[in-house]
>>> print(open('query_20.csv').read())   # CSV, N, CA and C atoms
chain,number,residue,atom,x,y,z
A,204,MET,N,-6.6,-19.3,10.4
A,204,MET,CA,-5.5,-20.1,9.9
A,204,MET,C,-5.0,-19.6,8.5
A,205,GLN,N,-6.0,-19.3,7.7
A,205,GLN,CA,-5.7,-18.8,6.3
A,205,GLN,C,-5.0,-17.5,6.4
A,206,LEU,N,-5.4,-16.6,7.3
A,206,LEU,CA,-4.8,-15.3,7.4
A,206,LEU,C,-3.4,-15.4,7.9
A,207,LEU,N,-3.1,-16.3,8.8
A,207,LEU,CA,-1.8,-16.5,9.3
A,207,LEU,C,-0.8,-16.9,8.2
A,208,ALA,N,-1.3,-17.9,7.4
A,208,ALA,CA,-0.5,-18.4,6.3
A,208,ALA,C,-0.3,-17.3,5.3
A,209,LEU,N,-1.3,-16.5,5.0
A,209,LEU,CA,-1.1,-15.4,4.0
A,209,LEU,C,-0.1,-14.3,4.6
A,210,GLY,N,-0.2,-14.1,5.9
A,210,GLY,CA,0.8,-13.1,6.5
A,210,GLY,C,2.2,-13.6,6.4
A,211,LYS,N,2.4,-14.9,6.6
A,211,LYS,CA,3.8,-15.4,6.5
A,211,LYS,C,4.2,-15.4,5.0
A,212,LEU,N,3.3,-15.7,4.1
A,212,LEU,CA,3.7,-15.6,2.7
A,212,LEU,C,4.1,-14.2,2.3
A,213,ALA,N,3.3,-13.2,2.8
A,213,ALA,CA,3.6,-11.8,2.5
A,213,ALA,C,5.0,-11.4,3.0
A,214,SER,N,5.3,-11.9,4.2
A,214,SER,CA,6.6,-11.6,4.8
A,214,SER,C,7.7,-12.2,4.0
A,215,THR,N,7.5,-13.4,3.5
A,215,THR,CA,8.5,-14.1,2.7
A,215,THR,C,8.7,-13.3,1.4
A,216,LYS,N,7.6,-12.9,0.8
A,216,LYS,CA,7.7,-12.1,-0.5
A,216,LYS,C,8.5,-10.8,-0.2
A,217,ILE,N,8.3,-10.2,0.9
A,217,ILE,CA,9.1,-8.9,1.2
A,217,ILE,C,10.5,-9.3,1.4
A,218,SER,N,10.8,-10.4,2.0
A,218,SER,CA,12.2,-10.8,2.3
A,218,SER,C,13.0,-11.1,1.0
A,219,ILE,N,12.3,-11.6,0.0
A,219,ILE,CA,12.9,-11.9,-1.3
A,219,ILE,C,12.8,-10.7,-2.3
A,220,GLY,N,12.2,-9.6,-1.9
A,220,GLY,CA,12.1,-8.4,-2.7
A,220,GLY,C,11.0,-8.4,-3.7
A,221,ASP,N,10.0,-9.3,-3.5
A,221,ASP,CA,8.8,-9.2,-4.3
A,221,ASP,C,7.7,-8.4,-3.7
A,222,TYR,N,7.9,-7.0,-3.8
A,222,TYR,CA,7.1,-6.1,-3.1
A,222,TYR,C,5.7,-6.0,-3.7
A,223,HIS,N,5.6,-6.2,-5.1
A,223,HIS,CA,4.3,-6.2,-5.7
A,223,HIS,C,3.5,-7.4,-5.3
A,224,GLY,N,4.1,-8.6,-5.2
A,224,GLY,CA,3.4,-9.8,-4.7
A,224,GLY,C,3.0,-9.6,-3.3
A,225,ALA,N,3.8,-9.1,-2.4
A,225,ALA,CA,3.4,-8.8,-1.0
A,225,ALA,C,2.3,-7.9,-0.9
A,226,LEU,N,2.3,-6.8,-1.7
A,226,LEU,CA,1.2,-5.9,-1.7
A,226,LEU,C,-0.1,-6.6,-2.1
A,227,GLN,N,-0.1,-7.4,-3.1
A,227,GLN,CA,-1.3,-8.1,-3.5
A,227,GLN,C,-1.8,-9.1,-2.4
A,228,ILE,N,-0.9,-9.7,-1.7
A,228,ILE,CA,-1.3,-10.6,-0.6
A,228,ILE,C,-2.0,-9.8,0.5
A,229,PHE,N,-1.4,-8.7,0.9
A,229,PHE,CA,-2.0,-7.8,1.9
A,229,PHE,C,-3.4,-7.3,1.4
A,230,ASN,N,-3.5,-7.0,0.2
A,230,ASN,CA,-4.9,-6.7,-0.4
A,230,ASN,C,-5.8,-7.8,-0.2
A,231,ASP,N,-5.4,-9.0,-0.5
A,231,ASP,CA,-6.2,-10.2,-0.4
A,231,ASP,C,-6.6,-10.4,1.1
A,232,MET,N,-5.7,-10.2,2.0
A,232,MET,CA,-6.0,-10.4,3.4
A,232,MET,C,-7.1,-9.4,3.9
A,233,VAL,N,-7.0,-8.1,3.4
A,233,VAL,CA,-8.0,-7.1,3.8
A,233,VAL,C,-9.4,-7.6,3.2
A,234,SER,N,-9.4,-8.1,2.0
A,234,SER,CA,-10.7,-8.6,1.4
A,234,SER,C,-11.2,-9.7,2.2
A,235,THR,N,-10.4,-10.6,2.6
A,235,THR,CA,-10.8,-11.8,3.4
A,235,THR,C,-11.4,-11.3,4.8
A,236,VAL,N,-10.7,-10.4,5.5
A,236,VAL,CA,-11.2,-10.0,6.7
A,236,VAL,C,-12.5,-9.3,6.6
A,237,ASN,N,-12.6,-8.4,5.6
A,237,ASN,CA,-13.9,-7.7,5.3
A,237,ASN,C,-15.0,-8.6,5.0
A,238,LYS,N,-14.8,-9.8,4.4
A,238,LYS,CA,-15.8,-10.8,4.1
A,238,LYS,C,-16.3,-11.6,5.3
A,239,ILE,N,-15.3,-11.9,6.2
A,239,ILE,CA,-15.7,-12.9,7.3
A,239,ILE,C,-15.9,-12.2,8.6
A,240,SER,N,-15.5,-11.0,8.8
A,240,SER,CA,-15.7,-10.4,10.2
A,240,SER,C,-16.9,-9.5,10.2
A,241,SER,N,-17.3,-9.3,11.5
A,241,SER,CA,-18.4,-8.4,11.7
A,241,SER,C,-17.9,-7.0,12.0
A,242,LYS,N,-18.8,-6.0,12.0
A,242,LYS,CA,-18.4,-4.7,12.3
A,242,LYS,C,-19.0,-4.4,13.7
A,243,PRO,N,-18.3,-3.9,14.6
A,243,PRO,CA,-16.9,-3.4,14.6
A,243,PRO,C,-16.0,-4.6,14.7
A,244,LEU,N,-14.8,-4.4,14.2
A,244,LEU,CA,-13.8,-5.5,14.2
A,244,LEU,C,-13.3,-5.7,15.6
A,245,LEU,N,-13.2,-7.0,15.9
A,245,LEU,CA,-12.7,-7.4,17.2
A,245,LEU,C,-11.5,-8.3,17.1
A,246,GLY,N,-10.7,-8.2,18.1
A,246,GLY,CA,-9.6,-9.1,18.3
A,246,GLY,C,-8.6,-9.3,17.2
A,247,VAL,N,-8.4,-10.5,16.7
A,247,VAL,CA,-7.4,-10.8,15.7
A,247,VAL,C,-7.7,-10.2,14.4
A,248,TYR,N,-9.0,-10.0,14.1
A,248,TYR,CA,-9.3,-9.4,12.8
A,248,TYR,C,-8.9,-7.9,12.8
A,249,ASN,N,-9.0,-7.2,13.9
A,249,ASN,CA,-8.6,-5.9,14.0
A,249,ASN,C,-7.0,-5.8,13.8
A,250,ASP,N,-6.4,-6.7,14.5
A,250,ASP,CA,-4.9,-6.7,14.4
A,250,ASP,C,-4.4,-7.0,13.0
A,251,VAL,N,-5.1,-7.9,12.3
A,251,VAL,CA,-4.7,-8.2,10.9
A,251,VAL,C,-4.9,-7.0,10.0
A,252,LEU,N,-6.0,-6.3,10.2
A,252,LEU,CA,-6.3,-5.1,9.4
A,252,LEU,C,-5.3,-4.0,9.7
A,253,VAL,N,-4.9,-3.8,10.9
A,253,VAL,CA,-3.9,-2.8,11.2
A,253,VAL,C,-2.6,-3.2,10.6
A,254,ARG,N,-2.2,-4.4,10.7
A,254,ARG,CA,-0.9,-4.8,10.1
A,254,ARG,C,-0.9,-4.6,8.5
A,255,CYS,N,-2.1,-5.0,7.9
A,255,CYS,CA,-2.2,-4.9,6.5
A,255,CYS,C,-2.2,-3.4,6.1
A,256,GLU,N,-2.8,-2.5,6.8
A,256,GLU,CA,-2.9,-1.1,6.5
A,256,GLU,C,-1.5,-0.5,6.5
A,257,ILE,N,-0.7,-0.8,7.6
A,257,ILE,CA,0.6,-0.3,7.7
A,257,ILE,C,1.5,-0.8,6.6
A,258,SER,N,1.4,-2.1,6.4
A,258,SER,CA,2.2,-2.8,5.3
A,258,SER,C,1.9,-2.2,3.9
A,259,ARG,N,0.6,-2.1,3.7
A,259,ARG,CA,0.2,-1.6,2.3
A,259,ARG,C,0.7,-0.2,2.1
A,260,ILE,N,0.6,0.7,3.1
A,260,ILE,CA,1.1,2.1,3.0
A,260,ILE,C,2.6,2.1,2.7
A,261,LEU,N,3.3,1.3,3.5
A,261,LEU,CA,4.8,1.3,3.4
A,261,LEU,C,5.2,0.7,2.0
A,262,LEU,N,4.5,-0.3,1.5
A,262,LEU,CA,4.8,-0.9,0.2
A,262,LEU,C,4.5,0.1,-0.9
A,263,ILE,N,3.4,0.8,-0.8
A,263,ILE,CA,3.0,1.7,-1.8
A,263,ILE,C,4.1,2.8,-1.9
A,264,LEU,N,4.5,3.3,-0.7
A,264,LEU,CA,5.5,4.4,-0.7
A,264,LEU,C,6.8,3.9,-1.2
A,265,LEU,N,7.1,2.6,-1.0
A,265,LEU,CA,8.4,2.0,-1.5
A,265,LEU,C,8.3,1.9,-3.0
A,266,LEU,N,7.2,1.4,-3.5
A,266,LEU,CA,7.1,1.1,-4.9
A,266,LEU,C,6.9,2.4,-5.8
A,267,ARG,N,6.3,3.4,-5.2
A,267,ARG,CA,6.0,4.6,-5.8
A,267,ARG,C,5.4,4.5,-7.2
A,268,PRO,N,4.2,3.8,-7.3
A,268,PRO,CA,3.6,3.6,-8.6
A,268,PRO,C,3.1,4.9,-9.2
A,269,SER,N,3.1,5.0,-10.5
A,269,SER,CA,2.6,6.2,-11.2
A,269,SER,C,1.1,6.2,-11.0
A,270,PRO,N,0.4,7.4,-11.1
A,270,PRO,CA,-1.0,7.4,-11.0
A,270,PRO,C,-1.7,6.6,-12.0
A,271,GLN,N,-1.1,6.3,-13.2
A,271,GLN,CA,-1.8,5.4,-14.2
A,271,GLN,C,-1.7,4.0,-13.8
A,272,LYS,N,-0.7,3.6,-13.0
A,272,LYS,CA,-0.5,2.2,-12.7
A,272,LYS,C,-1.1,1.8,-11.4
A,273,ILE,N,-1.5,2.7,-10.5
A,273,ILE,CA,-2.0,2.3,-9.2
A,273,ILE,C,-3.5,2.0,-9.3
A,274,SER,N,-3.9,0.9,-8.6
A,274,SER,CA,-5.3,0.5,-8.7
A,274,SER,C,-6.2,1.5,-8.0
A,275,PRO,N,-7.4,1.6,-8.3
A,275,PRO,CA,-8.3,2.5,-7.6
A,275,PRO,C,-8.4,2.3,-6.1
A,276,ASP,N,-8.4,1.1,-5.7
A,276,ASP,CA,-8.4,0.8,-4.2
A,276,ASP,C,-7.2,1.3,-3.5
A,277,LEU,N,-6.0,1.2,-4.1
A,277,LEU,CA,-4.8,1.7,-3.5
A,277,LEU,C,-4.7,3.2,-3.6
A,278,ALA,N,-5.2,3.7,-4.6
A,278,ALA,CA,-5.2,5.2,-4.8
A,278,ALA,C,-6.1,5.8,-3.7
A,279,LYS,N,-7.2,5.1,-3.4
A,279,LYS,CA,-8.1,5.6,-2.4
A,279,LYS,C,-7.5,5.4,-1.0
A,280,LEU,N,-6.7,4.4,-0.8
A,280,LEU,CA,-6.0,4.2,0.5
A,280,LEU,C,-5.0,5.3,0.7
A,281,ILE,N,-4.2,5.6,-0.3
A,281,ILE,CA,-3.2,6.7,-0.1
A,281,ILE,C,-3.9,8.0,0.1
A,282,GLU,N,-5.0,8.2,-0.7
A,282,GLU,CA,-5.7,9.5,-0.6
A,282,GLU,C,-6.3,9.8,0.8
A,283,LYS,N,-6.6,8.7,1.5
A,283,LYS,CA,-7.2,8.8,2.8
A,283,LYS,C,-6.2,9.5,3.8
A,284,TYR,N,-4.9,9.3,3.5
A,284,TYR,CA,-3.8,9.8,4.3
A,284,TYR,C,-3.2,11.1,3.8
A,285,THR,N,-3.7,11.7,2.7
A,285,THR,CA,-3.1,12.9,2.2
A,285,THR,C,-3.9,14.2,2.5
A,286,TRP,N,-5.1,14.0,3.1
A,286,TRP,CA,-5.9,15.2,3.4
A,286,TRP,C,-5.7,15.6,4.9
A,287,ILE,N,-5.4,16.9,5.1
A,287,ILE,CA,-5.2,17.4,6.4
A,287,ILE,C,-6.6,17.6,7.0
A,288,GLY,N,-6.7,17.3,8.3
A,288,GLY,CA,-8.0,17.5,8.9
A,288,GLY,C,-8.3,16.3,9.8
A,289,GLU,N,-9.5,16.2,10.3
A,289,GLU,CA,-9.9,15.1,11.1
A,289,GLU,C,-10.1,13.9,10.3
A,290,PRO,N,-9.6,12.8,10.9
A,290,PRO,CA,-9.8,11.5,10.2
A,290,PRO,C,-11.2,11.0,10.3
A,291,ASP,N,-11.6,10.2,9.4
A,291,ASP,CA,-13.0,9.6,9.5
A,291,ASP,C,-13.1,8.6,10.6
A,292,TYR,N,-14.2,8.6,11.3
A,292,TYR,CA,-14.4,7.7,12.4
A,292,TYR,C,-14.2,6.2,12.0
A,293,LYS,N,-14.7,5.9,10.8
A,293,LYS,CA,-14.6,4.5,10.3
A,293,LYS,C,-13.2,4.0,10.4
A,294,THR,N,-12.2,4.8,10.0
A,294,THR,CA,-10.8,4.3,10.0
A,294,THR,C,-10.3,4.3,11.4
A,295,THR,N,-10.5,5.4,12.2
A,295,THR,CA,-9.8,5.5,13.5
A,295,THR,C,-10.5,4.6,14.5
A,296,SER,N,-11.7,4.1,14.2
A,296,SER,CA,-12.3,3.1,15.2
A,296,SER,C,-11.5,1.8,15.3
A,297,TRP,N,-10.8,1.4,14.2
A,297,TRP,CA,-10.0,0.2,14.3
A,297,TRP,C,-8.5,0.4,14.2
A,298,LEU,N,-8.1,1.6,13.6
A,298,LEU,CA,-6.7,1.9,13.5
A,298,LEU,C,-6.2,2.7,14.7
A,299,GLY,N,-7.0,3.5,15.2
A,299,GLY,CA,-6.5,4.4,16.3
A,299,GLY,C,-6.1,5.7,15.7
A,300,GLU,N,-6.4,6.8,16.4
A,300,GLU,CA,-6.1,8.1,16.0
A,300,GLU,C,-4.6,8.4,15.9
A,301,GLU,N,-3.9,8.0,16.9
A,301,GLU,CA,-2.5,8.3,16.9
A,301,GLU,C,-1.7,7.6,15.7
A,302,LEU,N,-2.1,6.3,15.4
A,302,LEU,CA,-1.5,5.6,14.3
A,302,LEU,C,-1.9,6.2,13.0
A,303,PHE,N,-3.1,6.7,12.9
A,303,PHE,CA,-3.6,7.3,11.7
A,303,PHE,C,-2.8,8.6,11.4
A,304,PHE,N,-2.5,9.4,12.4
A,304,PHE,CA,-1.8,10.6,12.2
A,304,PHE,C,-0.3,10.3,11.9
A,305,LEU,N,0.2,9.3,12.5
A,305,LEU,CA,1.6,8.9,12.1
A,305,LEU,C,1.7,8.5,10.7
A,306,LEU,N,0.8,7.6,10.2
A,306,LEU,CA,0.8,7.2,8.8
A,306,LEU,C,0.5,8.4,7.9
A,307,GLN,N,-0.3,9.3,8.3
A,307,GLN,CA,-0.6,10.5,7.5
A,307,GLN,C,0.7,11.4,7.4
A,308,SER,N,1.4,11.5,8.5
A,308,SER,CA,2.6,12.3,8.4
A,308,SER,C,3.7,11.6,7.5
A,309,LEU,N,3.8,10.3,7.5
A,309,LEU,CA,4.7,9.6,6.7
A,309,LEU,C,4.3,9.8,5.2
A,310,VAL,N,3.1,9.6,4.9
A,310,VAL,CA,2.6,9.8,3.5
A,310,VAL,C,2.9,11.2,3.0
A,311,MET,N,2.5,12.1,3.8
A,311,MET,CA,2.7,13.5,3.4
A,311,MET,C,4.2,13.9,3.2
A,312,ALA,N,5.0,13.4,4.1
A,312,ALA,CA,6.4,13.7,4.0
A,312,ALA,C,7.0,13.1,2.8
A,313,CYS,N,6.6,11.9,2.4
A,313,CYS,CA,7.1,11.2,1.2
A,313,CYS,C,6.6,12.0,0.0
A,314,GLN,N,5.4,12.5,0.0
A,314,GLN,CA,4.9,13.2,-1.2
A,314,GLN,C,5.6,14.6,-1.3
A,315,CYS,N,5.9,15.2,-0.2
A,315,CYS,CA,6.6,16.5,-0.3
A,315,CYS,C,8.0,16.2,-0.8
A,316,GLN,N,8.6,15.2,-0.4
A,316,GLN,CA,10.0,14.8,-0.9
A,316,GLN,C,9.9,14.6,-2.4
A,317,GLU,N,8.9,13.9,-2.9
A,317,GLU,CA,8.8,13.7,-4.4
A,317,GLU,C,8.6,15.0,-5.1
A,318,LEU,N,7.8,15.9,-4.6
A,318,LEU,CA,7.6,17.2,-5.2
A,318,LEU,C,8.9,18.0,-5.3
A,319,GLU,N,9.7,17.9,-4.3
A,319,GLU,CA,11.0,18.7,-4.3
A,319,GLU,C,12.0,18.1,-5.2
A,320,ALA,N,11.9,16.8,-5.5
A,320,ALA,CA,12.9,16.2,-6.3
A,320,ALA,C,12.8,16.5,-7.8
>>> encode(input="query_20.csv", output="structure tokens")
Amino acid sequence: MQLLALGKLASTKISIGDYHGALQIFNDMVSTVNKISSKPLLGVYNDVLVRCEISRILLILLLRPSPQKISPDLAKLIEKYTWIGEPDYKTTSWLGEELFFLLQSLVMACQCQELEA
């Protein structure tokens, strides 16, 4: 129930343009899922993590924080999608390989665009 409420709050924050607030809520949701769920992730917890992963990536790409302003956890999240090669099993086990490669393509395309600008 708490995760559902947090998800709705994050959506509301996005609707009003509070992207930093939404990103923080998605980070809180990931922390909550990691505390209460078992490994491997099953059912609703897996779905919540997938939604949070996609949303956090999109929000980071939208906000484009400088390397000095990005938290270590979010830097690690983006870094996961910047390396070419086989994804780690830990991520693809709950995210799926196809979605991983789509997110990786998006992150790399945005980074290439920043370098060209």
>>> atom_distance(input="query_20.csv", atom1="atom CA of A:Leu252", atom2="atom N of A:Ser234")
8.6 Å
>>> closest_atom_pairs(input="query_20.csv", of="stretch 221-281 of chain A", to="stretch 293-314 of chain A", cutoff="10 Å", atoms="only C-alpha atoms", output="JSON lines")
{"residue": "A:Lys242", "atom": "CA", "partner": "A:Trp297", "partner_atom": "CA", "distance": 9.9}
{"residue": "A:Pro243", "atom": "CA", "partner": "A:Trp297", "partner_atom": "CA", "distance": 7.8}
{"residue": "A:Leu244", "atom": "CA", "partner": "A:Trp297", "partner_atom": "CA", "distance": 6.9}
{"residue": "A:Leu245", "atom": "CA", "partner": "A:Trp297", "partner_atom": "CA", "distance": 8.6}
{"residue": "A:Tyr248", "atom": "CA", "partner": "A:Trp297", "partner_atom": "CA", "distance": 9.7}
{"residue": "A:Asn249", "atom": "CA", "partner": "A:Trp297", "partner_atom": "CA", "distance": 6.3}
{"residue": "A:Asp250", "atom": "CA", "partner": "A:Trp297", "partner_atom": "CA", "distance": 8.6}
{"residue": "A:Leu252", "atom": "CA", "partner": "A:Trp297", "partner_atom": "CA", "distance": 8.1}
{"residue": "A:Val253", "atom": "CA", "partner": "A:Leu298", "partner_atom": "CA", "distance": 5.9}
{"residue": "A:Arg254", "atom": "CA", "partner": "A:Leu298", "partner_atom": "CA", "distance": 9.5}
{"residue": "A:Glu256", "atom": "CA", "partner": "A:Leu298", "partner_atom": "CA", "distance": 8.5}
{"residue": "A:Ile257", "atom": "CA", "partner": "A:Leu306", "partner_atom": "CA", "distance": 7.6}
{"residue": "A:Ile260", "atom": "CA", "partner": "A:Leu306", "partner_atom": "CA", "distance": 7.7}
{"residue": "A:Leu261", "atom": "CA", "partner": "A:Val310", "partner_atom": "CA", "distance": 8.8}
{"residue": "A:Ile263", "atom": "CA", "partner": "A:Val310", "partner_atom": "CA", "distance": 9.7}
{"residue": "A:Leu264", "atom": "CA", "partner": "A:Cys313", "partner_atom": "CA", "distance": 7.2}
{"residue": "A:Leu265", "atom": "CA", "partner": "A:Cys313", "partner_atom": "CA", "distance": 9.7}
{"residue": "A:Arg267", "atom": "CA", "partner": "A:Cys313", "partner_atom": "CA", "distance": 9.7}
{"residue": "A:Ile281", "atom": "CA", "partner": "A:Val310", "partner_atom": "CA", "distance": 7.5}
>>> atom_distance(input="query_20.csv", atom1="atom C of A:Asp231", atom2="atom C of A:Gly288")
28.1 Å
>>> atom_distance(input="query_20.csv", atom1="atom N of A:Leu212", atom2="atom C of A:Gly224")
9.6 Å
>>> residues_around(input="query_20.csv", residues="A:Ala208", least_positions_apart="4", cutoff="12 Å", atoms="only C-alpha atoms", output="number ranges by chain")
A: 204, 212-215, 228-229, 232, 251
>>> write_last_selection(input="query_20.csv", atoms="N, CA and C atoms", output="PDB file, in the frame of the given file")
ATOM      1  N   MET A 204      -6.600 -19.300  10.400  1.00  0.00           N
ATOM      2  CA  MET A 204      -5.500 -20.100   9.900  1.00  0.00           C
ATOM      3  C   MET A 204      -5.000 -19.600   8.500  1.00  0.00           C
ATOM      4  N   LEU A 212       3.300 -15.700   4.100  1.00  0.00           N
ATOM      5  CA  LEU A 212       3.700 -15.600   2.700  1.00  0.00           C
ATOM      6  C   LEU A 212       4.100 -14.200   2.300  1.00  0.00           C
ATOM      7  N   ALA A 213       3.300 -13.200   2.800  1.00  0.00           N
ATOM      8  CA  ALA A 213       3.600 -11.800   2.500  1.00  0.00           C
ATOM      9  C   ALA A 213       5.000 -11.400   3.000  1.00  0.00           C
ATOM     10  N   SER A 214       5.300 -11.900   4.200  1.00  0.00           N
ATOM     11  CA  SER A 214       6.600 -11.600   4.800  1.00  0.00           C
ATOM     12  C   SER A 214       7.700 -12.200   4.000  1.00  0.00           C
ATOM     13  N   THR A 215       7.500 -13.400   3.500  1.00  0.00           N
ATOM     14  CA  THR A 215       8.500 -14.100   2.700  1.00  0.00           C
ATOM     15  C   THR A 215       8.700 -13.300   1.400  1.00  0.00           C
ATOM     16  N   ILE A 228      -0.900  -9.700  -1.700  1.00  0.00           N
ATOM     17  CA  ILE A 228      -1.300 -10.600  -0.600  1.00  0.00           C
ATOM     18  C   ILE A 228      -2.000  -9.800   0.500  1.00  0.00           C
ATOM     19  N   PHE A 229      -1.400  -8.700   0.900  1.00  0.00           N
ATOM     20  CA  PHE A 229      -2.000  -7.800   1.900  1.00  0.00           C
ATOM     21  C   PHE A 229      -3.400  -7.300   1.400  1.00  0.00           C
ATOM     22  N   MET A 232      -5.700 -10.200   2.000  1.00  0.00           N
ATOM     23  CA  MET A 232      -6.000 -10.400   3.400  1.00  0.00           C
ATOM     24  C   MET A 232      -7.100  -9.400   3.900  1.00  0.00           C
ATOM     25  N   VAL A 251      -5.100  -7.900  12.300  1.00  0.00           N
ATOM     26  CA  VAL A 251      -4.700  -8.200  10.900  1.00  0.00           C
ATOM     27  C   VAL A 251      -4.900  -7.000  10.000  1.00  0.00           C
TER      28      VAL A 251
END
>>> select_by_dssp(input="query_20.csv", residues="chain A", states="alpha helix (DSSP H)", output="PyMOL selection string")
chain A and resi 205-218+222-239+246-266+275-283+292-298+300-319
>>> decode(input="query_20.csv", residues="stretch 262-285 of chain A", atoms="N, CA and C atoms", output="short mmCIF file (atom, residue, chain, number, x, y, z; two decimals), in the first residue's frame")
data_model
loop_
_atom_site.label_atom_id
_atom_site.label_comp_id
_atom_site.auth_asym_id
_atom_site.auth_seq_id
_atom_site.Cartn_x
_atom_site.Cartn_y
_atom_site.Cartn_z
N LEU A 262 14.29 10.53 -15.62
CA LEU A 262 14.40 11.78 -14.87
C LEU A 262 15.84 12.29 -14.82
N ILE A 263 16.79 11.38 -14.67
CA ILE A 263 18.20 11.80 -14.67
C ILE A 263 18.57 12.40 -16.02
N LEU A 264 18.12 11.75 -17.09
CA LEU A 264 18.42 12.27 -18.43
C LEU A 264 17.74 13.62 -18.66
N LEU A 265 16.57 13.80 -18.10
CA LEU A 265 15.86 15.07 -18.22
C LEU A 265 16.53 16.17 -17.41
N LEU A 266 16.93 15.85 -16.19
CA LEU A 266 17.54 16.84 -15.30
C LEU A 266 18.98 17.18 -15.67
N ARG A 267 19.68 16.21 -16.24
CA ARG A 267 21.08 16.37 -16.66
C ARG A 267 21.94 17.01 -15.57
N PRO A 268 22.02 16.36 -14.41
CA PRO A 268 22.83 16.94 -13.33
C PRO A 268 24.31 16.89 -13.66
N SER A 269 25.05 17.85 -13.15
CA SER A 269 26.51 17.85 -13.36
C SER A 269 27.12 16.73 -12.51
N PRO A 270 28.29 16.26 -12.89
CA PRO A 270 28.94 15.19 -12.12
C PRO A 270 29.13 15.55 -10.64
N GLN A 271 29.28 16.82 -10.34
CA GLN A 271 29.45 17.24 -8.95
C GLN A 271 28.15 17.19 -8.15
N LYS A 272 27.03 17.30 -8.84
CA LYS A 272 25.74 17.37 -8.15
C LYS A 272 24.99 16.04 -8.09
N ILE A 273 25.44 15.05 -8.83
CA ILE A 273 24.73 13.78 -8.85
C ILE A 273 25.18 12.92 -7.67
N SER A 274 24.22 12.28 -7.02
CA SER A 274 24.57 11.42 -5.88
C SER A 274 25.32 10.19 -6.37
N PRO A 275 26.12 9.58 -5.51
CA PRO A 275 26.86 8.38 -5.92
C PRO A 275 25.95 7.25 -6.40
N ASP A 276 24.79 7.09 -5.76
CA ASP A 276 23.86 6.03 -6.18
C ASP A 276 23.33 6.26 -7.59
N LEU A 277 22.99 7.50 -7.90
CA LEU A 277 22.48 7.80 -9.24
C LEU A 277 23.58 7.76 -10.28
N ALA A 278 24.78 8.15 -9.90
CA ALA A 278 25.92 8.04 -10.83
C ALA A 278 26.17 6.57 -11.16
N LYS A 279 26.05 5.72 -10.16
CA LYS A 279 26.23 4.28 -10.36
C LYS A 279 25.13 3.72 -11.27
N LEU A 280 23.91 4.24 -11.09
CA LEU A 280 22.79 3.80 -11.92
C LEU A 280 23.04 4.14 -13.39
N ILE A 281 23.43 5.37 -13.67
CA ILE A 281 23.71 5.78 -15.05
C ILE A 281 24.90 5.02 -15.60
N GLU A 282 25.92 4.84 -14.78
CA GLU A 282 27.13 4.14 -15.23
C GLU A 282 26.83 2.72 -15.67
N LYS A 283 25.85 2.11 -15.03
CA LYS A 283 25.46 0.74 -15.37
C LYS A 283 25.02 0.64 -16.84
N TYR A 284 24.47 1.73 -17.37
CA TYR A 284 23.96 1.73 -18.74
C TYR A 284 24.90 2.36 -19.75
N THR A 285 26.08 2.77 -19.33
CA THR A 285 27.01 3.41 -20.26
C THR A 285 28.08 2.48 -20.79
#
